[in-house]
>>> print(open('start.cif').read())   # mmCIF, C-alpha atoms, pLDDT in the B column; chains and numbers go by the auth columns
data_upload
#
loop_
_atom_site.group_PDB
_atom_site.id
_atom_site.type_symbol
_atom_site.label_atom_id
_atom_site.label_comp_id
_atom_site.label_asym_id
_atom_site.label_seq_id
_atom_site.Cartn_x
_atom_site.Cartn_y
_atom_site.Cartn_z
_atom_site.B_iso_or_equiv
_atom_site.auth_seq_id
_atom_site.auth_asym_id
ATOM 1 C CA MET A 1 77.362 37.915 27.206 41.00 1 A
ATOM 2 C CA GLY A 2 80.215 36.026 28.896 58.00 2 A
ATOM 3 C CA LYS A 3 80.415 34.878 32.464 81.00 3 A
ATOM 4 C CA GLN A 4 80.772 37.382 35.260 91.00 4 A
ATOM 5 C CA PRO A 5 84.511 37.627 36.094 94.00 5 A
ATOM 6 C CA LYS A 6 85.391 36.291 39.532 97.00 6 A
ATOM 7 C CA ILE A 7 87.854 38.208 41.687 98.00 7 A
ATOM 8 C CA LEU A 8 89.450 36.721 44.815 98.00 8 A
ATOM 9 C CA VAL A 9 90.475 39.281 47.447 97.00 9 A
ATOM 10 C CA VAL A 10 92.959 37.942 50.019 96.00 10 A
ATOM 11 C CA ASP A 11 93.552 40.494 52.759 94.00 11 A
ATOM 12 C CA SER A 12 93.478 40.403 56.558 91.00 12 A
ATOM 13 C CA LYS A 13 92.299 44.037 56.779 91.00 13 A
ATOM 14 C CA LEU A 14 88.506 44.059 56.815 93.00 14 A
ATOM 15 C CA ASP A 15 88.232 47.692 55.697 93.00 15 A
ATOM 16 C CA PHE A 16 90.045 46.922 52.440 94.00 16 A
ATOM 17 C CA VAL A 17 88.003 43.759 51.886 95.00 17 A
ATOM 18 C CA ARG A 18 84.794 45.815 52.201 96.00 18 A
ATOM 19 C CA LEU A 19 86.123 48.505 49.852 96.00 19 A
ATOM 20 C CA ALA A 20 87.140 45.919 47.246 96.00 20 A
ATOM 21 C CA ARG A 21 83.894 43.942 47.538 97.00 21 A
ATOM 22 C CA ASN A 22 81.786 47.084 47.107 97.00 22 A
ATOM 23 C CA ALA A 23 83.803 48.683 44.287 97.00 23 A
ATOM 24 C CA LEU A 24 84.201 45.485 42.287 97.00 24 A
ATOM 25 C CA GLY A 25 80.660 44.250 42.981 96.00 25 A
ATOM 26 C CA ILE A 26 79.112 47.503 41.771 96.00 26 A
ATOM 27 C CA SER A 27 81.265 47.202 38.642 95.00 27 A
ATOM 28 C CA GLY A 28 79.799 43.792 37.812 95.00 28 A
ATOM 29 C CA TYR A 29 82.405 41.439 39.213 97.00 29 A
ATOM 30 C CA GLN A 30 81.734 38.440 41.413 97.00 30 A
ATOM 31 C CA VAL A 31 83.888 38.855 44.536 98.00 31 A
ATOM 32 C CA VAL A 32 85.040 36.095 46.876 98.00 32 A
ATOM 33 C CA THR A 33 87.298 36.755 49.852 97.00 33 A
ATOM 34 C CA ALA A 34 89.755 35.085 52.187 96.00 34 A
ATOM 35 C CA PRO A 35 91.348 36.599 55.316 94.00 35 A
ATOM 36 C CA ASP A 36 94.695 34.788 55.209 94.00 36 A
ATOM 37 C CA ARG A 37 97.242 32.889 53.110 93.00 37 A
ATOM 38 C CA LYS A 38 95.823 29.428 53.790 95.00 38 A
ATOM 39 C CA GLY A 39 92.246 30.501 53.037 95.00 39 A
ATOM 40 C CA GLY A 40 93.394 32.375 49.944 95.00 40 A
ATOM 41 C CA LEU A 41 95.201 29.352 48.559 95.00 41 A
ATOM 42 C CA GLU A 42 92.215 27.068 49.225 96.00 42 A
ATOM 43 C CA MET A 43 89.788 29.573 47.698 96.00 43 A
ATOM 44 C CA ALA A 44 91.999 30.029 44.619 96.00 44 A
ATOM 45 C CA ARG A 45 92.105 26.272 44.045 95.00 45 A
ATOM 46 C CA GLU A 46 88.366 25.781 44.641 95.00 46 A
ATOM 47 C CA GLN A 47 86.964 28.872 42.912 93.00 47 A
ATOM 48 C CA THR A 48 89.519 29.374 40.085 93.00 48 A
ATOM 49 C CA PRO A 49 89.131 33.171 40.025 96.00 49 A
ATOM 50 C CA ASP A 50 89.996 35.334 37.026 95.00 50 A
ATOM 51 C CA VAL A 51 92.174 37.669 39.151 97.00 51 A
ATOM 52 C CA ILE A 52 93.605 37.362 42.663 96.00 52 A
ATOM 53 C CA ILE A 53 94.126 40.541 44.688 96.00 53 A
ATOM 54 C CA VAL A 54 96.733 39.998 47.406 93.00 54 A
ATOM 55 C CA GLY A 55 96.853 42.625 50.128 88.00 55 A
ATOM 56 C CA ALA A 56 98.135 42.853 53.663 78.00 56 A
ATOM 57 C CA LEU A 57 98.501 39.438 55.245 79.00 57 A
ATOM 58 C CA GLU A 58 99.556 38.545 58.754 76.00 58 A
ATOM 59 C CA PRO A 59 101.985 37.241 59.748 74.00 59 A
ATOM 60 C CA ARG A 60 104.359 39.416 57.751 73.00 60 A
ATOM 61 C CA GLY A 61 105.666 37.668 54.661 73.00 61 A
ATOM 62 C CA ASP A 62 102.530 35.613 54.033 83.00 62 A
ATOM 63 C CA ALA A 63 101.739 37.588 50.867 84.00 63 A
ATOM 64 C CA PHE A 64 105.070 36.432 49.398 82.00 64 A
ATOM 65 C CA LYS A 65 104.416 32.853 50.483 88.00 65 A
ATOM 66 C CA LEU A 66 100.923 32.938 48.965 91.00 66 A
ATOM 67 C CA SER A 67 102.246 34.302 45.686 88.00 67 A
ATOM 68 C CA LYS A 68 104.882 31.575 45.504 89.00 68 A
ATOM 69 C CA GLU A 69 102.352 28.850 46.332 93.00 69 A
ATOM 70 C CA LEU A 70 99.968 30.171 43.667 93.00 70 A
ATOM 71 C CA ARG A 71 102.748 30.215 41.053 90.00 71 A
ATOM 72 C CA ASP A 72 103.953 26.733 42.046 92.00 72 A
ATOM 73 C CA SER A 73 100.509 25.131 41.702 92.00 73 A
ATOM 74 C CA PRO A 74 99.511 24.009 38.179 92.00 74 A
ATOM 75 C CA ARG A 75 95.883 24.847 38.960 92.00 75 A
ATOM 76 C CA THR A 76 96.603 28.485 39.891 94.00 76 A
ATOM 77 C CA GLN A 77 99.921 29.343 38.235 91.00 77 A
ATOM 78 C CA ASN A 78 98.357 31.344 35.387 90.00 78 A
ATOM 79 C CA ILE A 79 95.864 33.366 37.433 94.00 79 A
ATOM 80 C CA PRO A 80 96.909 37.042 37.379 94.00 80 A
ATOM 81 C CA ILE A 81 97.859 38.588 40.727 93.00 81 A
ATOM 82 C CA LEU A 82 97.316 42.221 41.713 92.00 82 A
ATOM 83 C CA VAL A 83 99.338 43.314 44.758 89.00 83 A
ATOM 84 C CA VAL A 84 97.864 46.035 46.989 88.00 84 A
ATOM 85 C CA ASP A 85 100.186 47.252 49.729 79.00 85 A
ATOM 86 C CA VAL A 86 101.483 50.358 51.495 63.00 86 A
ATOM 87 C CA ARG A 87 103.123 53.183 49.552 56.00 87 A
ATOM 88 C CA PRO A 88 106.667 52.457 48.311 55.00 88 A
ATOM 89 C CA GLU A 89 108.201 55.208 50.474 55.00 89 A
ATOM 90 C CA GLU A 90 106.577 53.667 53.566 53.00 90 A
ATOM 91 C CA GLN A 91 107.906 50.269 52.539 53.00 91 A
ATOM 92 C CA LEU A 92 111.424 51.671 52.288 47.00 92 A
ATOM 93 C CA GLN A 93 111.092 53.009 55.816 50.00 93 A
ATOM 94 C CA LYS A 94 110.046 49.535 56.932 51.00 94 A
ATOM 95 C CA GLY A 95 112.961 47.917 55.106 47.00 95 A
ATOM 96 C CA TRP A 96 110.744 46.526 52.333 48.00 96 A
ATOM 97 C CA ARG A 97 111.741 47.322 48.765 47.00 97 A
ATOM 98 C CA TRP A 98 109.024 48.073 46.190 48.00 98 A
ATOM 99 C CA HIS A 99 110.551 45.792 43.570 52.00 99 A
ATOM 100 C CA GLU A 100 109.974 42.863 45.914 55.00 100 A
ATOM 101 C CA GLY A 101 106.265 43.291 45.213 53.00 101 A
ATOM 102 C CA MET A 102 106.932 42.806 41.550 54.00 102 A
ATOM 103 C CA GLN A 103 109.074 39.776 42.359 59.00 103 A
ATOM 104 C CA MET A 104 105.831 38.172 43.488 66.00 104 A
ATOM 105 C CA ASN A 105 105.124 37.767 39.749 74.00 105 A
ATOM 106 C CA ALA A 106 102.272 40.215 40.022 80.00 106 A
ATOM 107 C CA GLU A 107 100.532 41.632 36.965 83.00 107 A
ATOM 108 C CA ASP A 108 100.159 44.986 38.691 84.00 108 A
ATOM 109 C CA TYR A 109 100.901 46.771 41.951 82.00 109 A
ATOM 110 C CA ILE A 110 98.765 49.454 43.631 85.00 110 A
ATOM 111 C CA PRO A 111 99.928 51.296 46.768 82.00 111 A
ATOM 112 C CA ARG A 112 97.594 52.066 49.667 83.00 112 A
ATOM 113 C CA PRO A 113 95.604 54.094 50.404 84.00 113 A
ATOM 114 C CA ILE A 114 93.668 53.147 47.308 88.00 114 A
ATOM 115 C CA GLU A 115 90.782 54.768 45.515 93.00 115 A
ATOM 116 C CA PRO A 116 88.006 52.330 44.541 95.00 116 A
ATOM 117 C CA ALA A 117 88.105 53.554 40.922 95.00 117 A
ATOM 118 C CA ASP A 118 91.847 52.787 40.716 94.00 118 A
ATOM 119 C CA LEU A 119 91.253 49.251 41.948 96.00 119 A
ATOM 120 C CA VAL A 120 88.475 48.653 39.417 96.00 120 A
ATOM 121 C CA GLU A 121 90.565 50.135 36.591 95.00 121 A
ATOM 122 C CA SER A 122 93.536 47.922 37.443 94.00 122 A
ATOM 123 C CA VAL A 123 91.350 44.800 37.466 96.00 123 A
ATOM 124 C CA LYS A 124 89.850 45.807 34.088 95.00 124 A
ATOM 125 C CA ARG A 125 93.325 46.293 32.589 93.00 125 A
ATOM 126 C CA ILE A 126 94.468 42.908 33.848 94.00 126 A
ATOM 127 C CA LEU A 127 91.365 41.145 32.521 93.00 127 A
ATOM 128 C CA ASN A 128 91.696 42.834 29.122 90.00 128 A
ATOM 129 C CA ARG A 129 95.359 41.861 28.886 87.00 129 A
ATOM 130 C CA VAL A 130 94.592 38.273 29.886 81.00 130 A
ATOM 131 C CA MET A 131 91.704 38.033 27.424 74.00 131 A
ATOM 132 C CA TRP A 132 94.012 38.866 24.516 68.00 132 A
ATOM 133 C CA GLN A 133 96.675 36.423 25.696 62.00 133 A
ATOM 134 C CA ARG A 134 94.409 33.400 26.103 60.00 134 A
ATOM 135 C CA PRO A 135 94.476 30.819 23.324 59.00 135 A
ATOM 136 C CA ILE A 136 91.329 30.513 21.267 59.00 136 A
ATOM 137 C CA ASP A 137 89.206 27.555 22.311 62.00 137 A
ATOM 138 C CA SER A 138 88.527 25.853 18.979 69.00 138 A
ATOM 139 C CA THR A 139 85.944 23.465 20.448 74.00 139 A
ATOM 140 C CA GLU A 140 83.855 26.407 21.655 70.00 140 A
ATOM 141 C CA ILE A 141 84.092 28.056 18.233 73.00 141 A
ATOM 142 C CA LEU A 142 83.054 24.830 16.487 80.00 142 A
ATOM 143 C CA LYS A 143 80.137 24.391 18.873 81.00 143 A
ATOM 144 C CA ARG A 144 78.900 27.919 18.160 78.00 144 A
ATOM 145 C CA MET A 145 79.308 27.412 14.415 84.00 145 A
ATOM 146 C CA GLU A 146 77.269 24.192 14.554 88.00 146 A
ATOM 147 C CA GLU A 147 74.520 25.939 16.522 87.00 147 A
ATOM 148 C CA THR A 148 74.461 28.779 14.000 88.00 148 A
ATOM 149 C CA LEU A 149 74.343 26.328 11.088 89.00 149 A
ATOM 150 C CA LYS A 150 71.372 24.512 12.651 90.00 150 A
ATOM 151 C CA ARG A 151 69.520 27.811 13.027 87.00 151 A
ATOM 152 C CA VAL A 152 70.251 28.736 9.414 88.00 152 A
ATOM 153 C CA GLU A 153 68.995 25.332 8.228 89.00 153 A
ATOM 154 C CA LYS A 154 65.779 25.761 10.234 86.00 154 A
ATOM 155 C CA LEU A 155 65.262 29.211 8.747 85.00 155 A
ATOM 156 C CA GLU A 156 65.855 27.873 5.232 86.00 156 A
ATOM 157 C CA MET A 157 63.281 25.130 5.828 86.00 157 A
ATOM 158 C CA LEU A 158 60.738 27.675 7.082 84.00 158 A
ATOM 159 C CA LEU A 159 61.361 29.938 4.093 85.00 159 A
ATOM 160 C CA ALA A 160 61.039 27.030 1.654 83.00 160 A
ATOM 161 C CA LYS A 161 57.508 26.229 2.884 77.00 161 A
#
>>> encode(input="start.cif", output="structure tokens")
Amino acid sequence: MGKQPKILVVDSKLDFVRLARNALGISGYQVVTAPDRKGGLEMAREQTPDVIIVGALEPRGDAFKLSKELRDSPRTQNIPILVVDVRPEEQLQKGWRWHEGMQMNAEDYIPRPIEPADLVESVKRILNRVMWQRPIDSTEILKRMEETLKRVEKLEMLLAK
């Protein structure tokens, strides 16, 4: 079995952080959190998560700044981002256009309020998509083949006795 996927949740609203930690943790993900843009950027660089969930950040506009900083950094530029924010119609009332969320180069967008199952499903979809897009690591394949060959040789020696 592979490593437990690590999800970074960056949100200044504690209720959402708890919801995400519980829903994703129960589903088998390792969850790390940060309450703000600066902490999120540091955590992303240190922890190298498999997915970053960017939610409500204060001051306003920090989610956009974080997304740009993540995309500009070679260490984090390929980590998928899931944006969780208020409903599009509420954003329009606030002067925020929904497509701006997608301009953050996010893999997916989920409006609040959010159901835990929807969050987990979105993370699963992103991870599945990323898994199929990653290049095959030939050194890992060769290592596994060598280990398998050694086991086969040992079995052949035992059978020959």
>>> resolve_selection(input="start.cif", expression="the PyMOL selection byres ((chain A and resi 29-36) around 7)", output="list in words")
Gln4, Pro5, Lys6, Ile7, Leu8, Val9, Val10, Asp11, Ser12, Arg21, Leu24, Gly25, Ser27, Gly28, Arg37, Lys38, Gly39, Gly40 and Leu57 of chain A
>>> resolve_selection(input="start.cif", expression="the PyMOL selection byres ((chain A and resi 109-121) around 6)", output="list in words")
Ala23, Leu82, Val83, Val84, Asp85, Val86, Arg87, Asp108, Ser122, Val123 and Lys124 of chain A
>>> atom_distance(input="start.cif", atom1="atom CA of A:Ala44", atom2="atom CA of A:Thr76")
6.8 Å
>>> atom_distance(input="start.cif", atom1="atom CA of A:Val130", atom2="atom CA of A:Asp62")
25.6 Å
>>> atom_distance(input="start.cif", atom1="atom CA of A:Ile81", atom2="atom CA of A:Gly55")
10.3 Å
>>> residues_near_point(input="start.cif", point="(85.8, 38.4, 30.5)", cutoff="8 Å", atoms="all atoms listed in the file", output="ChimeraX atom specification")
/A:2-5,127-128,131
>>> decode(input="start.cif", residues="stretch 110-135 of chain A", atoms="N, CA and C atoms", output="compact mmCIF listing (two decimals), in the first residue's frame")
# COMPACT_ATOMS: atom_id res chain seq x y z
N ILE A 110 -15.22 24.43 -4.64
CA ILE A 110 -16.42 24.00 -3.93
C ILE A 110 -16.96 25.20 -3.15
N PRO A 111 -18.25 25.53 -3.34
CA PRO A 111 -18.83 26.64 -2.58
C PRO A 111 -19.22 26.21 -1.17
N ARG A 112 -19.20 27.17 -0.25
CA ARG A 112 -19.70 26.93 1.11
C ARG A 112 -21.17 27.24 1.15
N PRO A 113 -21.94 26.70 2.06
CA PRO A 113 -21.54 25.68 3.03
C PRO A 113 -21.26 24.37 2.32
N ILE A 114 -20.38 23.59 2.91
CA ILE A 114 -19.92 22.37 2.26
C ILE A 114 -20.27 21.15 3.08
N GLU A 115 -20.63 20.10 2.40
CA GLU A 115 -20.88 18.82 3.05
C GLU A 115 -19.55 18.07 3.13
N PRO A 116 -19.25 17.43 4.26
CA PRO A 116 -17.99 16.69 4.38
C PRO A 116 -17.77 15.69 3.25
N ALA A 117 -18.82 14.99 2.84
CA ALA A 117 -18.69 13.99 1.77
C ALA A 117 -18.28 14.64 0.45
N ASP A 118 -18.76 15.85 0.18
CA ASP A 118 -18.39 16.57 -1.04
C ASP A 118 -16.91 16.95 -1.03
N LEU A 119 -16.43 17.35 0.13
CA LEU A 119 -15.02 17.70 0.27
C LEU A 119 -14.14 16.48 0.02
N VAL A 120 -14.48 15.37 0.66
CA VAL A 120 -13.71 14.13 0.49
C VAL A 120 -13.74 13.68 -0.96
N GLU A 121 -14.89 13.73 -1.59
CA GLU A 121 -15.03 13.30 -2.99
C GLU A 121 -14.19 14.17 -3.91
N SER A 122 -14.16 15.47 -3.68
CA SER A 122 -13.36 16.37 -4.50
C SER A 122 -11.87 16.06 -4.35
N VAL A 123 -11.43 15.82 -3.13
CA VAL A 123 -10.02 15.48 -2.89
C VAL A 123 -9.68 14.17 -3.60
N LYS A 124 -10.56 13.17 -3.51
CA LYS A 124 -10.33 11.89 -4.19
C LYS A 124 -10.20 12.08 -5.69
N ARG A 125 -11.09 12.88 -6.28
CA ARG A 125 -11.04 13.13 -7.73
C ARG A 125 -9.72 13.78 -8.12
N ILE A 126 -9.30 14.76 -7.34
CA ILE A 126 -8.04 15.45 -7.63
C ILE A 126 -6.88 14.47 -7.55
N LEU A 127 -6.83 13.68 -6.49
CA LEU A 127 -5.73 12.73 -6.33
C LEU A 127 -5.72 11.69 -7.44
N ASN A 128 -6.88 11.21 -7.85
CA ASN A 128 -6.94 10.25 -8.95
C ASN A 128 -6.44 10.87 -10.25
N ARG A 129 -6.85 12.09 -10.51
CA ARG A 129 -6.42 12.79 -11.73
C ARG A 129 -4.90 12.99 -11.72
N VAL A 130 -4.38 13.40 -10.58
CA VAL A 130 -2.94 13.65 -10.45
C VAL A 130 -2.16 12.35 -10.61
N MET A 131 -2.67 11.27 -10.03
CA MET A 131 -1.99 9.99 -10.11
C MET A 131 -1.79 9.57 -11.56
N TRP A 132 -2.78 9.78 -12.40
CA TRP A 132 -2.68 9.37 -13.80
C TRP A 132 -1.83 10.33 -14.61
N GLN A 133 -1.59 11.52 -14.12
CA GLN A 133 -0.79 12.50 -14.85
C GLN A 133 0.68 12.46 -14.49
N ARG A 134 1.01 11.83 -13.36
CA ARG A 134 2.40 11.81 -12.92
C ARG A 134 3.23 10.88 -13.81
N PRO A 135 4.47 11.29 -14.11
CA PRO A 135 5.33 10.40 -14.89
C PRO A 135 5.70 9.17 -14.07
